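See structure below.
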Amino acid sequence: DISDSLVLDTAHALTGLLRLPDSLSVVQQKRTSHKKRVPEGSVIISRLRPYLRQVAYVPVGLRGMIDGRSIVCSTEFYVLTPKDEESIAYLVPWLLSAKVQDIFAKATTGGHHPRFDESLLWGLQVPYPIYEGREAISRSVEEATLSALRAQNSLEQCVREC
């Protein structure tokens with residue numbers, strides 16, 4: 001049951017940052033379509049209109065910010081999850097890089113709702129220098145993501161108080 005979950009749609013991921021719907025409070029929602037579960041520490045990337053650069057890291061600790069509720073997302077997202085405890089946050093800037101974005105753009109099919117196929121994503125190879133620097137890159141992405149979420153929450157709290 002996902003009725004009391006944080007539901008992420010493609011509009012909630014933009015150029016590497018996660019934008020939470022309805023602030024950090026989660027409103028109970030009725031299930032209107034299929035959803036995918038998103039574990040903390042995952043990277044989400046929209047297969048729909050890749051030129052919108054809808055990629056984001058779902059930080060460890062997010063569930064604590066939303067009272068332990070589950071996180072689910074639109075089936076338009078591919079959900080990349082780590083195989084072990086090592087962070088995969090370093091994938092976000094790489095997936096947003098000009099080279100990878102060009103690959104997505106050239107592989108997109110469809111007119112009104114252009115998408116790229118999952119096999120393309122799995123066929124990509126992370127360049128060795130990026131893989132070698134993954135720990136430092138991941139730390140930077142993790143810190144930036146959490147800072148952005150905290151800033152969003154602070155600003156929305158100020159708005160509520162006005």
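Each chain in the structure tokens gets a letter, A, B, ..., in the order shown, and its residues are numbered from 1; ligands are numbered from 1 in order too.
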Neighbour list for region 96-113 of chain A as a ChimeraX atom specification, cut-off 7 Å, only C-alpha atoms, skip fewer than 5 positions in-chain: /A:15,48-51,53
Residues of region 14-133 of chain A within 10 Å of region 141-144 of chain A: nearest atom pair and distance (Å, one decimal) for each, counting only C-alpha atoms, sorted by chain and number, as a tab-separated table?
residue	atom	partner	partner_atom	distance
A:Gly16	CA	A:Val141	CA	8.3
A:Leu17	CA	A:Ala144	CA	8.1
A:Gly41	CA	A:Glu142	CA	9.0
A:Ala56	CA	A:Val141	CA	9.4
A:Tyr57	CA	A:Glu142	CA	7.5
A:Val58	CA	A:Glu142	CA	8.7
A:Pro59	CA	A:Glu142	CA	6.4
A:Val60	CA	A:Glu142	CA	8.3
A:Ser87	CA	A:Glu142	CA	8.9
A:Ile88	CA	A:Val141	CA	9.6
A:Ala89	CA	A:Val141	CA	6.0
A:Tyr90	CA	A:Val141	CA	6.7
A:Leu91	CA	A:Val141	CA	9.2
A:Val92	CA	A:Val141	CA	7.6
A:Pro93	CA	A:Val141	CA	8.1
Export C-alpha atoms of the chosen residues as a CSV table (one decimal), in the first residue's frame?
chain,number,residue,atom,x,y,z
A,16,GLY,CA,20.5,16.6,-10.2
A,17,LEU,CA,18.4,18.0,-7.5
A,41,GLY,CA,20.6,6.0,-1.8
A,56,ALA,CA,18.3,13.1,-9.0
A,57,TYR,CA,19.9,11.4,-6.1
A,58,VAL,CA,17.5,10.2,-3.3
A,59,PRO,CA,19.6,10.7,-0.2
A,60,VAL,CA,20.0,8.4,2.7
A,87,SER,CA,27.1,5.3,-2.7
A,88,ILE,CA,26.1,5.7,-6.3
A,89,ALA,CA,25.5,9.4,-6.0
A,90,TYR,CA,28.5,10.0,-8.3
A,91,LEU,CA,26.3,8.8,-11.2
A,92,VAL,CA,24.2,12.0,-11.1
A,93,PRO,CA,26.7,14.4,-12.5
Select from region 4-162 of chain A everything DSSP, run on the backbone, classes as alpha helix (DSSP H), then give the selection as a PyMOL selection string. chain A and resi 62-65+91-95+98-107+118-123+128-132+134-161
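Every residue of region 15-127 of chain A with a DSSP assignment of strand (DSSP E or B), taken from the backbone, is listed as Gly16, Leu17, Leu18, Lys35, Lys36, Arg37, Val43, Ile44, Ile45, Ser46, Leu48, Val55, Ala56, Tyr57, Ile71, Val72, Cys73, Ser74, Phe77, Tyr78, Val79, Leu80, Thr109 and Arg115 of chain A.
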From the list A:Pro21, A:Ser138, A:Arg150, A:His34, which residue is nearest Val7 (chain A) when using only C-alpha atoms?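 Among the listed residues, the smallest separation from Val7 (chain A) belongs to A:Pro21.
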Restricting to only C-alpha atoms, whichever of A:Leu8, A:Ala13, A:Glu40, A:Arg115 is closest to Pro82 (chain A) is A:Glu40
Which residues are close to Met65 (chain A), i.e. within 12 Å by only C-alpha atoms, leaving aside same-chain residues fewer than 2 positions away? Reply as a count of residues only. 22
CA of Cys73 (chain A) and CA of Ala11 (chain A), how far apart in Å? 10.8 Å
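In terms of minimum interatomic distance to Gly133 (chain A), A:Trp94 ranks closest within A:Val72, A:Trp94, A:Glu161, A:Thr81, counting only C-alpha atoms.
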As a check of understanding: the span from CA of Cys162 (chain A) to CA of Arg19 (chain A) is 21.8 Å
For CA of Val159 (chain A) and CA of Val38 (chain A), quote the distance in Å rounded to one decimal.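 Distance between the two atoms: 29.0 Å.
Between Gln125 (chain A) and the candidates A:Leu95, A:Leu80, A:Leu52, A:Val43, the tightest atom-to-atom separation, counting only C-alpha atoms, involves A:Leu95.
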